[in-house]
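A quick write-up on the structure given underneath.
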Amino acid sequence: MSEARLFLLQRLTALVMAPLVLVHLVLIVVAVQGGLTAGEILGRTQGSVFWGLFYGIFVLVAAIHAPIGLRNVLREWTGIGRRPIDWLMVAFGVLLLVLGWRAVVAVVGGGA
Amino acid sequence: MRIEESRCDILILGSGGAGLFAALHAAKADPALDIVIAVKGLLGKSGCTRMVQGGYNVALAAEDSIERHFMDTIVGGKWLPRQDLAWRLCVGAVERVRELENEIGCFFDRNPDGSLHQKAFAGQSFDRTAHKGDLTGIEIINRLMEQVRSRAVRRLEEHRAIELIPAADGSGLAGVLLIDIRMGEYRFVRAKAVLLATGAGPTMYLYHTPSGDKTCDGLAMALRLGLALRDMEMVQFHPTGLLGGPHTRMTGTVLEEGLRGAGGHILNGGKERFLAGYDPAGERATRDVVSRGIYAEMRAGRTTPMGGVYISMGHLGAEKVAGMFPGMVKRCADCGFDLAGGLVEVVPTAHYMMGGVEFEIDASTAVPGLFAAGEDCGGVHGANRLGGNGVANSTVYGGIAGDSMAAFVGREGVWRDPDNSVIEAGIARAERPFGQAPGDLAGLRDRLAQVMWDDVGVIRDALGIERGLAGIADCRAALLAQGVVDGDRRFNLTWHDWLNLESLLDLSEVVGRAALARDDSRGAHFRADFPETGVLETSAYTRIRRDGDELRLDTAPVAFDIVEPGQSLIEGAAGAPPAEAAIGSAA
Amino acid sequence: MRRGAGWWAAMGHRLSGLALAAFLPLHFLMLGRALGGAEALDSSLKIAELPLVKVAEFGLVIALAVHLAFGLRVLAIELLPWPARDGLRLRLVYLGLAATVLVGIAFAVSVV
Amino acid sequence: MAEGTLEVRIWRGGDEGAFGAYAVPARENQTVLDVVTEVQRRFEPSLAYRFSCRVGVCGSCAMTINGTPRWTCRTHVKRVAPEGRLTIEPLRNMKRVKDLACDMDGFLGKWASVGTFEGTATRADPPAAIDPASPARREVDAAIQCINCAVCHAACDVVAWDPHYLGPAALNRAWTLYNDARVADRRAVLDGALQPGGCHTCHSHGACTEHCPVGLSPTASIAGLKRAGLVSLLKGGRS
Ligand SMILES: Cc1cc2nc3c(=O)[nH]c(=O)nc-3n(C[C@H](O)[C@H](O)[C@H](O)COP(=O)(O)OP(=O)(O)OC[C@H]3O[C@@H](n4cnc5c(N)ncnc54)[C@H](O)[C@@H]3O)c2cc1C
Ligand code: HEM
Ligand code: SF4
Ligand code: F3S
Ligand code: FES
């Protein structure tokens, strides 16, 4: 994929994430008040289509965004070759996607 | 002694407007040519073309004409220019500016209608100076540098030419002896054609504008080769060089002419205006006139603390000045001076040598295989150079030289066998300082600078020039007796300072001799003992060549083959500002 | 080399990005435990009560805030036109810092 | 500070080397270049440094002064060393030649590699009519007067990190070419800037803009290239 395309993807995902992160941050600050319990979290999320979509998208864009960013860092800060870095990043993206969606399923689906 | 030897078809010395244009034209004429540019500094980052502020004279506008540009040049040059060269300059400028814009990529300033903006410059009857802001040279040289770098032109950067080597059989030029400055080693480059484009530069004066790498090396080499230099008494002084004291390289650098044109005042040490006493046009008179006025006031002792005069802009409103001349104001501010609101000390400063190697309209010289272009050459400007004709000269004739050299190499180019005795002599001269005890080189250069300034400077007379010549001889004796610490020869600036001073001494003597010979005042040359301009109809130019260890001077009549004194090719006065209103920005 | 505000912003952005990228898989793993039910998640959250982990958590929230703020700075520099050539938009750096500090305070307050 | 002495440390050598220490008289009007010159003239005849124009035009005198890259001919000592202490080193991110002089070839080569002007008109044609107020011409005007001093190149950490990175000055030049209506193939200029090592390698650190002695903003120019790249991509162009 060309640099321009990767750049576009990363910036687009950043734009998408900005509001998501904001909401997530507010939530954390509010939710964490007086300690966090699983019940609280799950109570809010489970079965909710909204939160399912919210976190589903969040995971998707983060799994695109982070590897592209990491790719630059590795290029500049390590001696790893360009090719290996690219493959490493693909793997990292897939890992994030798999783990992330699994988490979304865990928190939103199933349960109650 | 290790001497690296190499070959090429065309060797160009210098990477100013002349050198770079020559390379481009030669490469275009025959892409198969092996072209090398050797330059004392970095390619495109040394020399004065890059420092051009005002701009480039060219008769582009419908109401302007080649004839008008030509007449301004002849009248400005006080009828001393070689007319065919001046005409070629004016014709060539049109083509060259279009080439710069359309092929090289320079992006000059525009009028609202999209055409090139051309501004006024003193001594011209039409506003014909094309420019890019007030840093035109950067635009020209950066673009040329990119073009040259993108072609198969070889670069020998930080290589200093020290001797033009003739063929052993006297048939022409064989090549050039250089010092690789970074390595501190000698290099002999054989070439079928060589261009001398090292840009002269009157840096033997106490106050001077050109870049530090310019020390008349090319002229000194040409002289040793036996070529004739003409008009060498003609040294142009710019009226307003920054005066920052003896210990700063800023001293002598140009403060732009527009400052006076815009209404700036020149004040003496008593903070009074005085120029009107020398010329009715006051601050707005031409360069030579204002320079002389200031110099006379300085000689009369009415100076500022550092020995100059003041330029004052504050009465125009500091903010307005800062808006009109942002570059100049910032430059002064960087160095601690308040140009917009305060007083800045200035002095006249040596700017340009109108004289130089005698050359032909195709840029050839008397030595087959050696070509010359740019400020190294004499004859185009005569007794004075119009602001804006300097870059025009270097770029027009640089391009011509490139074409000529390509044709010459195709026609009769051969690698001639060098005269080894000249190579040996060249090396011996460069080696000389290492055999001797080091001395105060900077002090010696200051001494020469003071001698030239006092005795062969803005205002001259026979007595002073004689004294000056004696002073130059003293300095020479001192230089030849003192040396440079041997050891690390790599990038050894002190060694090169020594060599610089040697070139400057050679040319100082030439300037002095020519100044002594010209017993009238015209253009940049002013003799207090002969204040009148001689009869124009019998104008002659000085010519100096070296014969053994002696300088020989003669004079030759100017050929008025296009126009004679008293005649004109145009209506109205050449050199007169087009309209009263325009004077404001003229100067 | 002396560094300017823009460099510090970029460095903050980069380090926070790295921290997030490193933390994200762990975060997903932990949430994924909800598949094992609320108790499993709770036991994970218990760990989150440990002081050291608390500090780390605090750091991550800050990292998210930093990354968001300075990410927006990058987007503003790159994507918005610069009609006024307003220097380096350095104000954005300070704005970002201020926003981060606010988030930090809010989070700290809510935890205590 | 006119009287007194400056404590000056100057790098001697190439990649390997050491600082030399010198006591240089402080003067009223004195640039860093003047200090270096005085050291060469009085203490270290073989000291290597580079300058030409001495007025901020040629871009060959830049050095690292007390940790900051600057042009030296227009840097007044008082402004950078109020305490009278100067540490002078060659610029970063270029090969060192000797002492304070570095090899600018890598830098200038990258500069020239972004593209050289190629128009469609020739010397037989009049200069193209260009509206000085058009947005593209304004972009050019804002970025064109680069003196290729390499200060930005030395200030940028990404240049230090990634040897393939073209760097701020080269990309700034690419931006002026891209906005030059006379350029025959502007698309090719942009494509060049979008290659690996091109504009996307810049992380908007802004050090280039902060240090550029003539007040240019390579950061803005590079952002312009990134935007142009996005636009062309979104319009279904190549890349
Ligand atoms: C401050 C300033 C402002 C000016 N403004 C204007 C203006 O507005 N308009 C105008 O028309 N003219 C102006 N001029 C004059 C104009 O710049 C010059 O006349 C012209 O550009 C000279 O071009 P050149 O190619 O002959 O030499 P330069 O451009 O000076 O180039 C000379 C080259 O030769 C090299 N060199 C020197 N010695 C050696 C050696 N021994 N070996 C190898 N290389 C060597 C130098 O390093 C340099 O690269 C100005 C000059 C100055 C100093
Ligand atoms: C809040 C939403 C986010 C925004 C606005 C955002 C924005 C950006 C931007 C613009 C960049 C490019 C920086 C550059 O190349 O100069 C970037 C890089 C990066 N982002 Fe994000 N990002 C966000 C969320 C995240 C998340 C959640 C992660 C972690 C998974 C992450 C990880 C990274 C990494 C590792 C980099 C590389 C840093 C660098 O190159 O210096 N980002 N981000
Ligand atoms: S952009 Fe500025 S700092 Fe960079 S090379 Fe050009 S003039 Fe120097
Ligand atoms: S400092 Fe370097 S990272 Fe970009 S904004 Fe300037 S080029
Ligand atoms: S000497 Fe030319 S920029 Fe400093």
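Ordered as shown in the structure tokens, chains take letters A, B, and onward, while each chain numbers its residues from 1 and ligands are numbered from 1 in the order shown.
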* **Exercise answer, chain A residues close to chain D, 12 Å and only C-alpha atoms, as a list of chain:residue names** => A:Met1, A:Ser2, A:Glu3, A:Ala4, A:Arg5, A:Leu6, A:Phe7, A:Leu8, A:Leu9, A:Gln10, A:Arg11, A:Leu12, A:Ile68, A:Gly69, A:Arg71, A:Asn72, A:Val73, A:Leu74, A:Arg75, A:Glu76, A:Trp77, A:Thr78, A:Gly79, A:Gly81, A:Arg82
* Those of chain A in DSSP alpha helix (DSSP H), formatted as a count of residues only -> 93
* Point-to-point distance in Å for CA of Ile65 in chain D and CA of Glu89 in chain D -> 6.6 Å
* **Near-range 77-86 of chain D list (7 Å; only C-alpha atoms; drop same-chain fewer than 4 positions) as a ChimeraX atom specification** => /D:6-9,30-32,65-66
* Could you name the residues that touch Phe54 in chain A at 10 Å or less, counting only C-alpha atoms, but leaving out those on the same chain fewer than 4 positions away, as a list in words? ->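 Near neighbours after the sequence-gap exclusion: Leu20, Val23, His24, Ser48, Val49, Phe50, Phe58, Val59 and Val104 of chain A.
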Tell me which protein, DNA and RNA residues are within 8 Å of range 168-180 of chain B, counting only C-alpha atoms, leaving out same-chain ones fewer than 3 positions away, and put them as an mmCIF file with N, CA and C atoms, in the first residue's frame.
data_model
loop_
_atom_site.group_PDB
_atom_site.id
_atom_site.type_symbol
_atom_site.label_atom_id
_atom_site.label_comp_id
_atom_site.auth_asym_id
_atom_site.auth_seq_id
_atom_site.Cartn_x
_atom_site.Cartn_y
_atom_site.Cartn_z
ATOM 1 N N GLU B 158 34.970 23.273 -3.620
ATOM 2 C CA GLU B 158 36.070 23.644 -2.749
ATOM 3 C C GLU B 158 37.392 23.246 -3.378
ATOM 4 N N HIS B 159 37.491 23.630 -4.639
ATOM 5 C CA HIS B 159 38.728 23.493 -5.399
ATOM 6 C C HIS B 159 39.116 24.893 -5.873
ATOM 7 N N ARG B 160 40.320 25.257 -5.569
ATOM 8 C CA ARG B 160 40.752 26.594 -5.918
ATOM 9 C C ARG B 160 41.713 26.547 -7.096
ATOM 10 N N ALA B 161 41.376 27.250 -8.159
ATOM 11 C CA ALA B 161 42.293 27.327 -9.286
ATOM 12 C C ALA B 161 43.457 28.227 -8.891
ATOM 13 N N ILE B 162 44.692 27.767 -9.163
ATOM 14 C CA ILE B 162 45.831 28.625 -8.841
ATOM 15 C C ILE B 162 46.691 28.954 -10.060
ATOM 16 N N GLU B 163 46.516 28.228 -11.132
ATOM 17 C CA GLU B 163 47.304 28.574 -12.311
ATOM 18 C C GLU B 163 46.648 28.060 -13.584
ATOM 19 N N LEU B 164 46.616 28.933 -14.596
ATOM 20 C CA LEU B 164 46.195 28.511 -15.926
ATOM 21 C C LEU B 164 47.450 27.987 -16.614
ATOM 22 N N ILE B 165 47.380 26.761 -17.075
ATOM 23 C CA ILE B 165 48.593 26.126 -17.606
ATOM 24 C C ILE B 165 48.570 26.125 -19.133
ATOM 25 N N MET B 183 41.175 18.489 0.809
ATOM 26 C CA MET B 183 42.253 17.529 1.001
ATOM 27 C C MET B 183 43.597 18.202 1.178
ATOM 28 N N GLY B 184 43.691 19.437 0.758
ATOM 29 C CA GLY B 184 44.965 20.131 0.847
ATOM 30 C C GLY B 184 45.977 19.624 -0.151
ATOM 31 N N GLU B 185 45.475 19.124 -1.301
ATOM 32 C CA GLU B 185 46.372 18.558 -2.308
ATOM 33 C C GLU B 185 46.210 19.267 -3.646
ATOM 34 N N TYR B 186 47.215 19.063 -4.499
ATOM 35 C CA TYR B 186 47.163 19.689 -5.815
ATOM 36 C C TYR B 186 46.481 18.768 -6.814
ATOM 37 N N ARG B 187 45.900 19.397 -7.801
ATOM 38 C CA ARG B 187 45.192 18.639 -8.820
ATOM 39 C C ARG B 187 45.385 19.362 -10.149
ATOM 40 N N PHE B 188 45.748 18.631 -11.141
ATOM 41 C CA PHE B 188 45.885 19.248 -12.467
ATOM 42 C C PHE B 188 44.811 18.669 -13.372
ATOM 43 N N VAL B 189 43.963 19.537 -13.877
ATOM 44 C CA VAL B 189 42.883 19.088 -14.753
ATOM 45 C C VAL B 189 43.173 19.549 -16.175
ATOM 46 N N ARG B 190 43.313 18.587 -17.058
ATOM 47 C CA ARG B 190 43.512 18.936 -18.459
ATOM 48 C C ARG B 190 42.150 19.085 -19.116
ATOM 49 N N ALA B 191 42.020 20.096 -19.941
ATOM 50 C CA ALA B 191 40.738 20.329 -20.593
ATOM 51 C C ALA B 191 40.961 20.890 -21.986
ATOM 52 N N LYS B 192 39.994 20.595 -22.859
ATOM 53 C CA LYS B 192 40.107 21.129 -24.222
ATOM 54 C C LYS B 192 39.704 22.594 -24.259
ATOM 55 N N ALA B 193 38.793 22.949 -23.349
ATOM 56 C CA ALA B 193 38.400 24.357 -23.243
ATOM 57 C C ALA B 193 38.211 24.691 -21.767
ATOM 58 N N VAL B 194 38.612 25.882 -21.401
ATOM 59 C CA VAL B 194 38.503 26.329 -20.005
ATOM 60 C C VAL B 194 37.775 27.660 -19.973
ATOM 61 N N VAL B 367 44.032 33.610 -25.841
ATOM 62 C CA VAL B 367 44.659 32.289 -25.750
ATOM 63 C C VAL B 367 43.669 31.223 -26.230
ATOM 64 N N PRO B 368 43.994 30.509 -27.295
ATOM 65 C CA PRO B 368 43.059 29.481 -27.780
ATOM 66 C C PRO B 368 42.746 28.468 -26.683
ATOM 67 N N GLY B 369 41.455 28.188 -26.550
ATOM 68 C CA GLY B 369 41.050 27.230 -25.525
ATOM 69 C C GLY B 369 40.657 27.892 -24.220
ATOM 70 N N LEU B 370 41.034 29.149 -24.037
ATOM 71 C CA LEU B 370 40.618 29.858 -22.820
ATOM 72 C C LEU B 370 39.503 30.839 -23.153
ATOM 73 N N TRP B 415 43.442 17.782 -26.253
ATOM 74 C CA TRP B 415 44.171 17.913 -24.996
ATOM 75 C C TRP B 415 45.615 18.275 -25.337
ATOM 76 N N ARG B 416 45.949 19.493 -25.033
ATOM 77 C CA ARG B 416 47.312 19.928 -25.339
ATOM 78 C C ARG B 416 48.249 19.465 -24.224
ATOM 79 N N ASP B 417 49.503 19.279 -24.592
ATOM 80 C CA ASP B 417 50.475 18.883 -23.569
ATOM 81 C C ASP B 417 50.868 20.101 -22.757
ATOM 82 N N PRO B 418 50.823 19.969 -21.447
ATOM 83 C CA PRO B 418 51.056 21.138 -20.609
ATOM 84 C C PRO B 418 52.531 21.539 -20.546
ATOM 85 N N ASP B 419 52.722 22.797 -20.291
ATOM 86 C CA ASP B 419 54.063 23.304 -20.022
ATOM 87 C C ASP B 419 54.360 23.010 -18.547
ATOM 88 N N ASN B 420 55.127 21.971 -18.325
ATOM 89 C CA ASN B 420 55.330 21.521 -16.948
ATOM 90 C C ASN B 420 56.046 22.547 -16.078
ATOM 91 N N ILE B 423 53.470 24.491 -14.339
ATOM 92 C CA ILE B 423 52.872 23.736 -13.227
ATOM 93 C C ILE B 423 53.800 23.796 -12.020
ATOM 94 N N GLY B 426 53.753 27.144 -10.466
ATOM 95 C CA GLY B 426 52.504 27.366 -9.734
ATOM 96 C C GLY B 426 52.545 26.693 -8.373
#
* **Nearby residues, ligand 1, 7 Å, only C-alpha atoms and all ligand atoms, as number ranges by chain** => B: 13-19, 38-41, 43-57, 159-162, 197-199, 209-211, 213-218, 253-254, 351-352, 373-376, 387-392, 394
Residues contacting ligand 2 - anything with an atom at most 6 Å away, using only C-alpha atoms and all ligand atoms - can you give me those as an mmCIF file with C-alpha atoms, in the first residue's frame?
data_model
loop_
_atom_site.group_PDB
_atom_site.id
_atom_site.type_symbol
_atom_site.label_atom_id
_atom_site.label_comp_id
_atom_site.auth_asym_id
_atom_site.auth_seq_id
_atom_site.Cartn_x
_atom_site.Cartn_y
_atom_site.Cartn_z
ATOM 1 C CA ARG A 11 -5.710 10.172 9.598
ATOM 2 C CA ALA A 14 -7.765 9.205 13.942
ATOM 3 C CA LEU A 15 -10.688 11.418 13.030
ATOM 4 C CA MET A 17 -11.440 7.816 17.070
ATOM 5 C CA ALA A 18 -11.316 11.364 18.368
ATOM 6 C CA VAL A 21 -11.997 8.402 22.767
ATOM 7 C CA ALA A 62 -7.712 1.247 16.390
ATOM 8 C CA ALA A 66 -2.057 1.762 15.725
ATOM 9 C CA GLY A 69 1.682 4.564 13.605
ATOM 10 C CA LEU A 70 3.869 1.884 15.092
ATOM 11 C CA ASN A 72 6.809 4.714 11.556
ATOM 12 C CA VAL A 73 8.170 4.436 15.053
ATOM 13 C CA HIS C 13 2.218 12.022 21.213
ATOM 14 C CA ARG C 14 4.575 9.275 20.213
ATOM 15 C CA GLY C 17 0.818 6.215 21.288
ATOM 16 C CA LEU C 18 3.374 3.556 22.116
ATOM 17 C CA LEU C 20 -1.505 2.756 24.212
ATOM 18 C CA ALA C 21 -0.411 0.290 21.591
ATOM 19 C CA LEU C 24 -4.376 -2.218 24.199
ATOM 20 C CA HIS C 67 -2.489 11.251 22.487
ATOM 21 C CA LEU C 68 -5.879 12.652 21.694
ATOM 22 C CA GLY C 71 -3.168 13.944 17.703
ATOM 23 C CA LEU C 72 -5.670 16.696 17.124
ATOM 24 C CA VAL C 74 -1.185 17.078 14.166
ATOM 25 C CA LEU C 75 -4.477 16.885 12.335
ATOM 26 C CA HIS D 203 5.738 14.213 11.917
#
* Can you list, as a VMD selection string, every residue of range 319-565 of chain B that DSSP puts in strand (DSSP E)? -> chain B and resid 343 to 353 356 to 358 370 to 372 377 to 378 540 to 547 550 to 557
